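Colleague: This is the content of structure.txt (compact mmCIF, C-alpha atoms):
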# COMPACT_ATOMS: atom_id res chain seq x y z
CA MET A 1 -49.32 -18.53 1.79
CA ASP A 2 -46.89 -16.89 -0.65
CA THR A 3 -48.14 -14.02 -2.77
CA GLU A 4 -47.67 -14.18 -6.56
CA ALA A 5 -44.81 -11.67 -6.33
CA GLU A 6 -43.07 -13.80 -3.72
CA ILE A 7 -43.50 -16.90 -5.84
CA LEU A 8 -42.02 -15.13 -8.86
CA GLU A 9 -38.95 -14.23 -6.85
CA GLN A 10 -38.26 -17.84 -5.81
CA PRO A 11 -35.34 -19.05 -7.96
CA THR A 12 -36.59 -22.57 -8.68
CA ILE A 13 -36.34 -24.33 -12.03
CA ASP A 14 -40.13 -24.70 -12.24
CA THR A 15 -40.59 -21.01 -11.55
CA GLU A 16 -38.11 -20.05 -14.26
CA GLU A 17 -39.87 -22.32 -16.75
CA ALA A 18 -43.20 -20.73 -15.85
CA LEU A 19 -41.70 -17.28 -16.24
CA ILE A 20 -40.33 -18.12 -19.67
CA GLU A 21 -43.74 -19.41 -20.77
CA ARG A 22 -45.45 -16.24 -19.55
CA ILE A 23 -42.87 -14.00 -21.24
CA ALA A 24 -43.29 -15.90 -24.52
CA LYS A 25 -47.08 -15.57 -24.31
CA VAL A 26 -47.14 -11.84 -23.63
CA ARG A 27 -44.38 -11.22 -26.18
CA LYS A 28 -46.52 -12.88 -28.84
CA GLU A 29 -49.55 -10.83 -27.83
CA LEU A 30 -47.60 -7.58 -28.09
CA GLY A 31 -46.40 -8.46 -31.57
CA SER A 32 -44.82 -5.62 -33.55
CA ARG A 33 -45.67 -3.05 -30.88
CA VAL A 34 -42.48 -4.08 -29.06
CA PHE A 35 -38.90 -4.44 -30.27
CA ILE A 36 -36.53 -6.11 -27.80
CA LEU A 37 -32.79 -5.40 -27.86
CA GLY A 38 -30.36 -7.62 -25.95
CA HIS A 39 -26.70 -6.98 -25.23
CA HIS A 40 -24.30 -9.90 -25.62
CA TYR A 41 -23.61 -9.88 -21.86
CA GLN A 42 -27.20 -10.73 -20.97
CA ARG A 43 -28.10 -14.16 -19.61
CA ASP A 44 -29.48 -16.72 -22.06
CA THR A 45 -32.98 -16.61 -20.58
CA ILE A 46 -33.16 -12.96 -21.70
CA ILE A 47 -31.25 -13.24 -24.98
CA GLN A 48 -33.75 -15.80 -26.30
CA PHE A 49 -36.42 -13.07 -26.45
CA ALA A 50 -34.29 -10.42 -28.16
CA ASP A 51 -35.29 -9.39 -31.68
CA LYS A 52 -31.72 -8.19 -32.13
CA THR A 53 -28.59 -8.89 -30.13
CA GLY A 54 -25.31 -7.05 -30.37
CA ASP A 55 -22.57 -4.99 -28.80
CA SER A 56 -22.94 -1.28 -28.10
CA LEU A 57 -22.31 -0.27 -31.73
CA GLY A 58 -24.69 -2.83 -33.16
CA LEU A 59 -27.46 -1.93 -30.72
CA SER A 60 -26.95 1.80 -31.40
CA LYS A 61 -27.49 1.15 -35.11
CA TYR A 62 -30.53 -1.04 -34.47
CA SER A 63 -32.01 1.74 -32.33
CA ALA A 64 -31.48 4.33 -35.07
CA GLU A 65 -32.90 2.04 -37.76
CA GLN A 66 -35.99 0.89 -35.82
CA THR A 67 -39.04 2.61 -37.35
CA THR A 68 -42.11 0.50 -36.72
CA SER A 69 -42.48 -0.45 -33.06
CA GLU A 70 -44.15 1.61 -30.39
CA PHE A 71 -41.77 0.46 -27.64
CA ILE A 72 -38.12 -0.53 -27.48
CA VAL A 73 -37.47 -2.77 -24.50
CA PHE A 74 -33.73 -2.51 -23.91
CA CYS A 75 -32.16 -5.46 -22.13
CA GLY A 76 -28.88 -3.78 -21.32
CA VAL A 77 -27.87 -1.00 -18.97
CA HIS A 78 -28.88 2.60 -18.44
CA PHE A 79 -26.48 4.36 -20.83
CA MET A 80 -27.52 2.01 -23.64
CA ALA A 81 -31.20 2.81 -23.13
CA GLU A 82 -30.32 6.52 -23.09
CA THR A 83 -28.58 6.11 -26.44
CA ALA A 84 -31.64 4.39 -27.88
CA ASP A 85 -33.88 7.22 -26.66
CA ILE A 86 -31.56 9.84 -28.17
CA LEU A 87 -31.48 8.14 -31.58
CA THR A 88 -35.20 7.43 -31.89
CA PRO A 89 -38.19 9.78 -32.32
CA LYS A 90 -40.28 10.82 -29.33
CA SER A 91 -43.13 8.60 -30.52
CA ARG A 92 -41.00 5.54 -29.74
CA LYS A 93 -40.72 4.83 -26.01
CA VAL A 94 -37.62 3.17 -24.54
CA ILE A 95 -38.09 0.85 -21.57
CA LEU A 96 -35.35 -0.43 -19.26
CA PRO A 97 -36.78 -3.40 -17.30
CA ASP A 98 -34.74 -2.58 -14.18
CA LEU A 99 -33.69 1.02 -13.58
CA LYS A 100 -30.91 -0.21 -11.29
CA ALA A 101 -29.12 -1.71 -14.29
CA GLY A 102 -26.38 0.89 -14.49
CA CYS A 103 -22.69 0.90 -15.40
CA SER A 104 -19.88 1.59 -12.94
CA LEU A 105 -17.63 2.71 -15.82
CA ALA A 106 -20.15 5.28 -17.03
CA ASP A 107 -20.52 6.53 -13.45
CA MET A 108 -16.77 7.27 -13.28
CA ALA A 109 -17.19 10.49 -15.26
CA ASN A 110 -19.90 12.99 -14.37
CA ILE A 111 -20.49 16.19 -16.29
CA ASP A 112 -19.25 18.50 -13.52
CA GLN A 113 -15.91 16.65 -13.39
CA VAL A 114 -15.55 16.74 -17.16
CA GLU A 115 -16.32 20.46 -17.32
CA GLU A 116 -13.66 21.05 -14.66
CA CYS A 117 -11.20 18.95 -16.64
CA TRP A 118 -11.94 20.99 -19.76
CA ASP A 119 -11.33 24.21 -17.80
CA ASP A 120 -7.94 22.78 -16.76
CA LEU A 121 -6.99 21.80 -20.31
CA ILE A 122 -8.19 24.80 -22.31
CA PRO A 123 -5.47 27.18 -20.97
CA LEU A 124 -2.89 24.60 -22.05
CA SER A 125 -4.51 24.45 -25.45
CA ARG A 126 -4.26 28.21 -25.80
CA THR A 127 -0.59 28.11 -24.82
CA THR A 128 0.36 25.36 -27.27
CA GLN A 129 -2.20 26.26 -29.97
CA ASP A 130 -3.25 22.61 -29.87
CA LYS A 131 -6.87 21.77 -30.58
CA ILE A 132 -8.35 19.19 -28.21
CA ILE A 133 -11.06 16.85 -29.50
CA PRO A 134 -13.13 15.05 -26.84
CA VAL A 135 -14.08 11.44 -27.58
CA THR A 136 -16.25 9.47 -25.19
CA TYR A 137 -16.72 5.73 -25.09
CA VAL A 138 -20.39 4.87 -25.52
CA ASN A 139 -20.24 3.58 -21.91
CA SER A 140 -20.93 7.09 -20.64
CA THR A 141 -23.88 9.23 -19.62
CA ALA A 142 -25.94 11.21 -22.10
CA ALA A 143 -24.56 14.40 -20.53
CA ILE A 144 -20.98 13.37 -21.40
CA LYS A 145 -22.03 12.53 -24.96
CA ALA A 146 -23.66 15.97 -25.17
CA PHE A 147 -20.44 17.59 -23.93
CA CYS A 148 -18.55 15.92 -26.79
CA GLY A 149 -21.20 17.02 -29.25
CA ARG A 150 -20.84 20.65 -28.14
CA HIS A 151 -17.05 20.60 -28.43
CA ASP A 152 -16.66 19.11 -31.93
CA GLY A 153 -16.16 15.63 -30.53
CA THR A 154 -17.89 12.31 -30.91
CA VAL A 155 -18.58 8.88 -29.42
CA CYS A 156 -16.88 5.54 -29.99
CA THR A 157 -17.45 1.90 -29.17
CA SER A 158 -14.91 -0.85 -28.71
CA SER A 159 -15.69 -1.91 -32.30
CA ASN A 160 -14.85 1.41 -33.91
CA ALA A 161 -12.49 3.08 -31.42
CA GLU A 162 -9.50 3.04 -33.79
CA LYS A 163 -11.44 4.57 -36.66
CA VAL A 164 -12.97 7.23 -34.41
CA LEU A 165 -9.65 8.07 -32.74
CA GLN A 166 -8.04 8.52 -36.15
CA TRP A 167 -10.93 10.81 -37.16
CA ALA A 168 -10.32 12.92 -34.05
CA LEU A 169 -6.56 13.13 -34.60
CA ASP A 170 -7.12 14.19 -38.20
CA ARG A 171 -9.11 17.16 -36.88
CA GLY A 172 -7.16 18.06 -33.78
CA ASP A 173 -3.81 17.82 -32.05
CA LYS A 174 -4.90 16.08 -28.86
CA VAL A 175 -7.72 13.81 -27.80
CA LEU A 176 -9.41 13.78 -24.41
CA PHE A 177 -10.59 10.17 -24.16
CA LEU A 178 -13.46 9.43 -21.73
CA PRO A 179 -14.06 7.52 -19.51
CA ASP A 180 -12.20 4.18 -20.04
CA GLN A 181 -8.45 4.69 -19.90
CA HIS A 182 -7.73 1.11 -21.00
CA LEU A 183 -9.71 1.22 -24.23
CA GLY A 184 -8.09 4.57 -25.01
CA ARG A 185 -4.56 3.41 -24.22
CA ASN A 186 -4.84 0.07 -26.02
CA THR A 187 -6.35 1.66 -29.11
CA ALA A 188 -3.85 4.53 -29.29
CA TYR A 189 -0.89 2.18 -28.80
CA LYS A 190 -2.17 -0.11 -31.55
CA MET A 191 -2.23 2.96 -33.80
CA GLY A 192 1.46 3.61 -33.11
CA ILE A 193 1.15 6.29 -30.44
CA PRO A 194 3.80 5.62 -27.76
CA LEU A 195 2.88 5.42 -24.08
CA GLU A 196 4.98 8.52 -23.32
CA LYS A 197 2.56 10.50 -25.48
CA MET A 198 -0.33 9.52 -23.21
CA ALA A 199 -1.25 11.07 -19.87
CA ILE A 200 -3.84 10.23 -17.20
CA TYR A 201 -6.31 12.81 -15.95
CA ASP A 202 -7.55 11.91 -12.47
CA PRO A 203 -10.69 13.96 -11.64
CA PHE A 204 -10.07 13.54 -7.92
CA LEU A 205 -6.64 15.19 -8.01
CA HIS A 206 -5.90 18.87 -8.42
CA GLY A 207 -5.39 19.72 -12.07
CA GLY A 208 -5.79 16.05 -12.99
CA GLY A 209 -2.76 14.96 -10.96
CA GLU A 210 -0.01 15.80 -13.46
CA ALA A 211 2.09 18.89 -14.08
CA PRO A 212 0.76 21.10 -16.92
CA GLN A 213 3.72 20.24 -19.15
CA VAL A 214 2.77 16.55 -19.03
CA TYR A 215 -0.59 17.37 -20.64
CA GLU A 216 1.13 19.78 -23.04
CA ARG A 217 3.33 16.94 -24.33
CA ALA A 218 0.54 14.37 -24.45
CA LYS A 219 -1.30 13.45 -27.62
CA ILE A 220 -3.89 11.32 -25.81
CA ILE A 221 -5.27 12.43 -22.42
CA LEU A 222 -6.92 9.44 -20.75
CA TRP A 223 -9.64 9.79 -18.14
CA GLN A 224 -8.99 7.75 -14.99
CA GLY A 225 -11.81 5.25 -15.53
CA PHE A 226 -12.11 1.50 -16.00
CA CYS A 227 -14.53 -1.42 -16.34
CA SER A 228 -14.76 -3.31 -13.06
CA VAL A 229 -15.34 -6.60 -14.92
CA HIS A 230 -12.39 -6.38 -17.31
CA MET A 231 -10.06 -5.17 -14.56
CA ASN A 232 -10.38 -8.66 -13.05
CA PHE A 233 -8.18 -10.19 -15.74
CA ARG A 234 -4.53 -10.34 -14.71
CA PRO A 235 -1.35 -10.82 -16.78
CA GLN A 236 -0.42 -13.87 -14.70
CA TYR A 237 -3.66 -15.60 -15.77
CA VAL A 238 -2.36 -15.54 -19.35
CA ASP A 239 0.86 -17.22 -18.21
CA ILE A 240 -1.05 -19.86 -16.25
CA PHE A 241 -3.25 -20.79 -19.23
CA ARG A 242 -0.31 -20.94 -21.63
CA GLU A 243 1.55 -23.28 -19.26
CA LYS A 244 -1.45 -25.50 -18.57
CA TYR A 245 -2.75 -25.65 -22.15
CA PRO A 246 0.07 -25.51 -24.72
CA GLY A 247 -1.06 -23.89 -27.95
CA ILE A 248 -4.01 -22.09 -26.39
CA LYS A 249 -4.98 -18.72 -27.87
CA ILE A 250 -5.73 -15.76 -25.59
CA LEU A 251 -8.56 -13.52 -26.79
CA VAL A 252 -9.43 -10.41 -24.76
CA HIS A 253 -11.56 -7.29 -24.80
CA PRO A 254 -9.77 -3.90 -25.13
CA GLU A 255 -11.20 -2.78 -21.78
CA CYS A 256 -8.61 -5.10 -20.22
CA THR A 257 -5.39 -3.56 -18.92
CA PHE A 258 -2.50 -2.78 -21.25
CA GLU A 259 -0.40 -5.58 -19.72
CA VAL A 260 -3.08 -8.20 -20.40
CA VAL A 261 -3.68 -6.99 -23.95
CA GLN A 262 0.05 -7.08 -24.71
CA LYS A 263 0.23 -10.71 -23.57
CA ALA A 264 -2.87 -11.75 -25.53
CA ASP A 265 -2.91 -13.17 -29.05
CA TYR A 266 -6.02 -11.28 -30.10
CA CYS A 267 -7.91 -8.24 -28.79
CA GLY A 268 -11.25 -6.86 -29.90
CA SER A 269 -14.84 -5.96 -29.16
CA THR A 270 -17.55 -8.43 -28.19
CA SER A 271 -18.54 -8.72 -31.85
CA TYR A 272 -14.91 -9.37 -32.79
CA ILE A 273 -14.65 -12.03 -30.07
CA ILE A 274 -17.77 -13.79 -31.35
CA LYS A 275 -16.58 -13.66 -34.97
CA THR A 276 -13.13 -14.97 -34.02
CA ILE A 277 -14.56 -17.97 -32.18
CA ASN A 278 -17.13 -18.67 -34.90
CA GLU A 279 -14.33 -18.84 -37.47
CA ALA A 280 -11.81 -20.70 -35.27
CA PRO A 281 -10.77 -24.18 -36.44
CA TYR A 282 -12.10 -27.40 -34.98
CA GLY A 283 -10.26 -28.47 -31.83
CA SER A 284 -8.67 -25.07 -31.18
CA LYS A 285 -8.22 -23.88 -27.59
CA TRP A 286 -9.24 -20.46 -26.31
CA ALA A 287 -9.14 -18.49 -23.06
CA ILE A 288 -11.35 -15.42 -23.35
CA GLY A 289 -11.07 -12.28 -21.26
CA THR A 290 -14.53 -10.76 -21.20
CA GLU A 291 -17.86 -11.05 -19.36
CA ASN A 292 -18.70 -14.63 -18.39
CA HIS A 293 -22.20 -14.81 -19.90
CA LEU A 294 -20.78 -14.28 -23.36
CA VAL A 295 -17.88 -16.70 -22.79
CA ASN A 296 -20.18 -19.44 -21.50
CA ARG A 297 -22.59 -18.91 -24.39
CA LEU A 298 -19.73 -19.32 -26.87
CA LYS A 299 -18.59 -22.43 -25.01
CA ASN A 300 -22.04 -23.99 -25.33
CA GLN A 301 -22.33 -23.01 -28.99
CA HIS A 302 -18.94 -24.50 -29.90
CA PRO A 303 -18.52 -27.90 -28.20
CA ASP A 304 -15.89 -28.73 -30.84
CA LYS A 305 -13.51 -26.20 -29.28
CA PHE A 306 -11.98 -25.77 -25.84
CA ILE A 307 -13.24 -22.43 -24.49
CA SER A 308 -12.63 -21.09 -20.99
CA PRO A 309 -12.96 -17.76 -19.19
CA LEU A 310 -9.49 -16.26 -18.73
CA SER A 311 -10.09 -15.58 -15.05
CA PRO A 312 -10.56 -18.26 -12.37
CA TYR A 313 -13.18 -15.97 -10.81
CA ALA A 314 -16.69 -15.16 -12.01
CA CYS A 315 -16.21 -12.04 -14.13
CA GLN A 316 -19.85 -11.09 -14.40
CA CYS A 317 -21.42 -7.70 -15.00
CA SER A 318 -23.61 -7.51 -11.91
CA THR A 319 -25.67 -4.55 -13.17
CA MET A 320 -26.32 -6.13 -16.58
CA TYR A 321 -27.44 -9.21 -14.65
CA ARG A 322 -30.21 -7.18 -13.03
CA ILE A 323 -32.25 -7.63 -16.20
CA ASP A 324 -33.83 -10.95 -15.28
CA PRO A 325 -36.99 -12.79 -16.41
CA VAL A 326 -39.05 -11.31 -13.56
CA HIS A 327 -38.27 -7.71 -14.55
CA LEU A 328 -38.70 -8.41 -18.27
CA LEU A 329 -42.06 -10.06 -17.66
CA LYS A 330 -43.30 -7.18 -15.48
CA SER A 331 -42.34 -4.64 -18.15
CA LEU A 332 -43.97 -6.57 -20.98
CA GLU A 333 -47.15 -7.26 -19.01
CA ALA A 334 -47.49 -3.59 -18.08
CA LEU A 335 -47.21 -2.63 -21.76
CA ASN A 336 -49.65 -5.33 -22.84
CA GLN A 337 -52.24 -4.40 -20.21
CA GLY A 338 -51.92 -0.66 -20.76
CA ASP A 339 -50.83 -0.30 -17.15
CA PRO A 340 -49.35 3.21 -16.72
CA ALA A 341 -46.73 1.64 -14.43
CA TRP A 342 -44.63 1.02 -17.57
CA ARG A 343 -43.76 4.72 -17.49
CA ASP A 344 -41.79 4.10 -14.29
CA ASN A 345 -39.22 2.28 -16.42
CA GLN A 346 -39.22 4.66 -19.37
CA ILE A 347 -35.85 6.24 -20.18
CA THR A 348 -36.18 9.84 -21.35
CA VAL A 349 -33.20 12.08 -22.04
CA PRO A 350 -34.05 15.80 -21.63
CA ASP A 351 -34.11 17.73 -24.91
CA GLU A 352 -31.33 20.11 -23.88
CA ILE A 353 -29.01 17.13 -23.47
CA ALA A 354 -30.38 14.94 -26.25
CA VAL A 355 -29.77 17.52 -29.00
CA ASP A 356 -26.00 17.72 -28.46
CA ALA A 357 -25.66 14.03 -27.60
CA ARG A 358 -27.39 13.16 -30.88
CA ILE A 359 -24.82 15.26 -32.75
CA ALA A 360 -22.00 13.25 -31.18
CA LEU A 361 -23.70 9.91 -31.84
CA GLU A 362 -24.58 10.76 -35.43
CA ARG A 363 -20.96 11.78 -36.03
CA MET A 364 -19.94 8.33 -34.86
CA LEU A 365 -22.44 6.63 -37.16
CA GLU A 366 -21.22 8.75 -40.09
CA ILE A 367 -17.59 7.84 -39.32
CA THR A 368 -18.32 4.13 -39.16
CA GLY A 369 -20.76 4.08 -42.05
Once more with this new file: its structure as structure tokens, please.

Modeller:
Amino acid sequence: MDTEAEILEQPTIDTEEALIERIAKVRKELGSRVFILGHHYQRDTIIQFADKTGDSLGLSKYSAEQTTSEFIVFCGVHFMAETADILTPKSRKVILPDLKAGCSLADMANIDQVEECWDDLIPLSRTTQDKIIPVTYVNSTAAIKAFCGRHDGTVCTSSNAEKVLQWALDRGDKVLFLPDQHLGRNTAYKMGIPLEKMAIYDPFLHGGGEAPQVYERAKIILWQGFCSVHMNFRPQYVDIFREKYPGIKILVHPECTFEVVQKADYCGSTSYIIKTINEAPYGSKWAIGTENHLVNRLKNQHPDKFISPLSPYACQCSTMYRIDPVHLLKSLEALNQGDPAWRDNQITVPDEIAVDARIALERMLEITG
């Protein structure tokens, strides 16, 4: 006979319905003790329980503003839960339902690599008298955020990257942009910075892979990182959609490659994508280059419009998808029952890292208002 755990794992419709009922029940019992945050890329069965949904910037602000609950249950990925822990007091505990919900982009820059990069760049800075300001995308570890805090830098999201990059350039001569090269390149180019003023730093190549004079000439030094989901969108997909659906609009996320963004009609964060579709006219046609859960949700919410993922393949964030009803239920039940097992999923950033990371994050929030 199956155990309860085995039954919970069986992906049947009846089981999912039972899970949803149990989550709703325990969520009601927990009341204001728990505040649930859900990223736009989460599946609908999770989003329905979120007190607030948003992109990285929105969720960062909600974390900072949350003052009443005892627990924040973060339905996102590890770096997001770290950010919530950094921005909230120690009395508020942050829970990530599945600790395996990470981010391959964030993992592309570790603190040892970044420190080595800085050691490579500082001699160039002394030679040219150029001040380098580090800016890290929020999709990064707390240690990288702390590095930026220590070196007069800050954090950005896809929503505020242009504003933050301008802030950095107003205070320095060069920007080291971590860890997503595509967001950095697309944002800088939109601001009028030519591609020849950008250089790639590859942490796996000696000295970053370029001659010192390349970095001396560069205004934007881009870390060799990328989002595995948004890399799936290809320039030829844009051509295929335009040929098949005359008049279709292409809307993409700035984590897509430069070539895709240049072919698109619109480019912006997840919040921008949602706003654009919400305000689009009846009968308009859209191909959207971002994570499939968001695209499919928009498609269901707007039956009056033609909406399709830009890629013919399933562009799904596999680590975000780890937050499923089973893991959410287990976390909520542990909290409700006072089971100390909830501590296994608590995200705690060490003080020595959190202090500097908070400086970088608070700079971002001050910049964006």

Colleague: Out of A:Gly172, A:Pro350, A:Gly184, A:Pro194, which residue has the shortest atom-to-atom distance to Ile221 in chain A when counting only C-alpha atoms?

Modeller: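 Answer, going by the shortest atom-to-atom distance: A:Gly184.
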
Colleague: Of the residues A:Gly38, A:Thr348, A:Phe241, A:His327, which is the one nearest to Pro312 in chain A, using only C-alpha atoms?

Modeller: A:Phe241

Colleague: Enter the distance from CA of Met191 in chain A to CA of Pro203 in chain A, in Å, rounded to one decimal.

Modeller: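 So the answer is 26.1 Å.
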
Colleague: Specify the axis-aligned box that encloses all atoms of range 316-325 of chain A listed in the file after padding of 4 Å on each side, stating its centre and edge lengths in Å to one decimal as AutoDock Vina command-line options.

Modeller:
--center_x -28.4 --center_y -8.7 --center_z -14.2 --size_x 25.1 --size_y 16.2 --size_z 12.7

Colleague: Please determine, counting all atoms listed in the file, which residue among A:Ala143, A:Cys156, A:Val135, A:Met364 has the shortest atom-to-atom distance to Leu222 in chain A.

Modeller: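 Closest residue, counting all atoms listed in the file: A:Val135.
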
Colleague: What does the structure give for the distance between CA of Ala84 in chain A and CA of Met231 in chain A, in Å to one decimal?

Modeller: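 Computed distance, CA of Ala84 in chain A to CA of Met231 in chain A, equals 27.1 Å.
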
Colleague: Quick one: distance from CA of Asp351 in chain A to CA of Gln166 in chain A in Å, one decimal?

Modeller: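 Separating CA of Asp351 in chain A from CA of Gln166 in chain A is a distance of 29.8 Å.
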
Colleague: Under the rule of at most 9 Å, produce a per-residue listing of range 96-212 of chain A near range 43-63 of chain A: chain, number, name, the closest pair of atoms, and the distance in Å, as CSV, using all atoms listed in the file.

Modeller:
residue,atom,partner,partner_atom,distance
A:Val138,CA,A:Ser56,CA,7.1
A:Asn139,CA,A:Ser56,CA,8.3
A:Cys156,CA,A:Leu57,CA,8.1
A:Thr157,CA,A:Leu57,CA,5.9
A:Ser158,CA,A:Leu57,CA,8.0
A:Ser159,CA,A:Leu57,CA,6.8
A:Asn160,CA,A:Leu57,CA,8.0

Colleague: Which residue gives the smallest distance to Phe177 in chain A among A:Ser140, A:Ser104, A:Ser228, A:Thr15, with only C-alpha atoms counted?

Modeller: A:Ser140

Colleague: Which residue is closest to Asp107 in chain A? Choose from A:Cys256, A:Ala161, A:Leu178, A:Cys317 and count only C-alpha atoms.

Modeller: A:Leu178

Colleague: Can you pull out the residues contacting Asp152 in chain A? Cut-off 9 Å, using all atoms listed in the file, and skip same-chain residues under 2 positions away; I want them as number ranges by chain.

Modeller: A: 133-134, 147-150, 154, 360

Colleague: Take range 264-302 of chain A from the preceding structure and save C-alpha atoms as a tab-separated table (two decimals), in the first residue's frame.

Modeller:
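Output file result-v1.tsv is given in full below:
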chain	number	residue	atom	x	y	z
A	264	ALA	CA	12.03	42.59	-31.49
A	265	ASP	CA	9.44	45.37	-31.41
A	266	TYR	CA	9.50	45.72	-27.64
A	267	CYS	CA	11.89	44.68	-24.86
A	268	GLY	CA	11.41	44.88	-21.12
A	269	SER	CA	11.15	43.19	-17.75
A	270	THR	CA	8.45	40.72	-16.75
A	271	SER	CA	6.42	43.59	-15.30
A	272	TYR	CA	6.83	45.53	-18.55
A	273	ILE	CA	5.73	42.48	-20.54
A	274	ILE	CA	2.61	42.07	-18.41
A	275	LYS	CA	1.74	45.78	-18.66
A	276	THR	CA	2.26	45.79	-22.43
A	277	ILE	CA	-0.08	42.85	-22.95
A	278	ASN	CA	-2.67	44.21	-20.52
A	279	GLU	CA	-2.79	47.45	-22.51
A	280	ALA	CA	-2.59	45.87	-25.98
A	281	PRO	CA	-5.61	46.37	-28.26
A	282	TYR	CA	-8.25	43.74	-28.89
A	283	GLY	CA	-7.26	41.27	-31.60
A	284	SER	CA	-3.55	42.14	-31.53
A	285	LYS	CA	-0.99	39.38	-32.09
A	286	TRP	CA	2.04	38.78	-29.88
A	287	ALA	CA	5.00	36.40	-29.70
A	288	ILE	CA	6.68	36.70	-26.31
A	289	GLY	CA	10.26	35.74	-25.51
A	290	THR	CA	10.31	34.88	-21.83
A	291	GLU	CA	9.56	31.98	-19.46
A	292	ASN	CA	6.60	29.88	-20.59
A	293	HIS	CA	4.59	29.96	-17.35
A	294	LEU	CA	4.20	33.71	-17.64
A	295	VAL	CA	3.44	33.57	-21.38
A	296	ASN	CA	0.79	30.89	-20.93
A	297	ARG	CA	-0.77	32.79	-18.02
A	298	LEU	CA	-1.04	35.90	-20.18
A	299	LYS	CA	-2.53	33.81	-22.98
A	300	ASN	CA	-5.23	32.48	-20.66
A	301	GLN	CA	-5.93	35.93	-19.22
A	302	HIS	CA	-6.32	37.55	-22.66
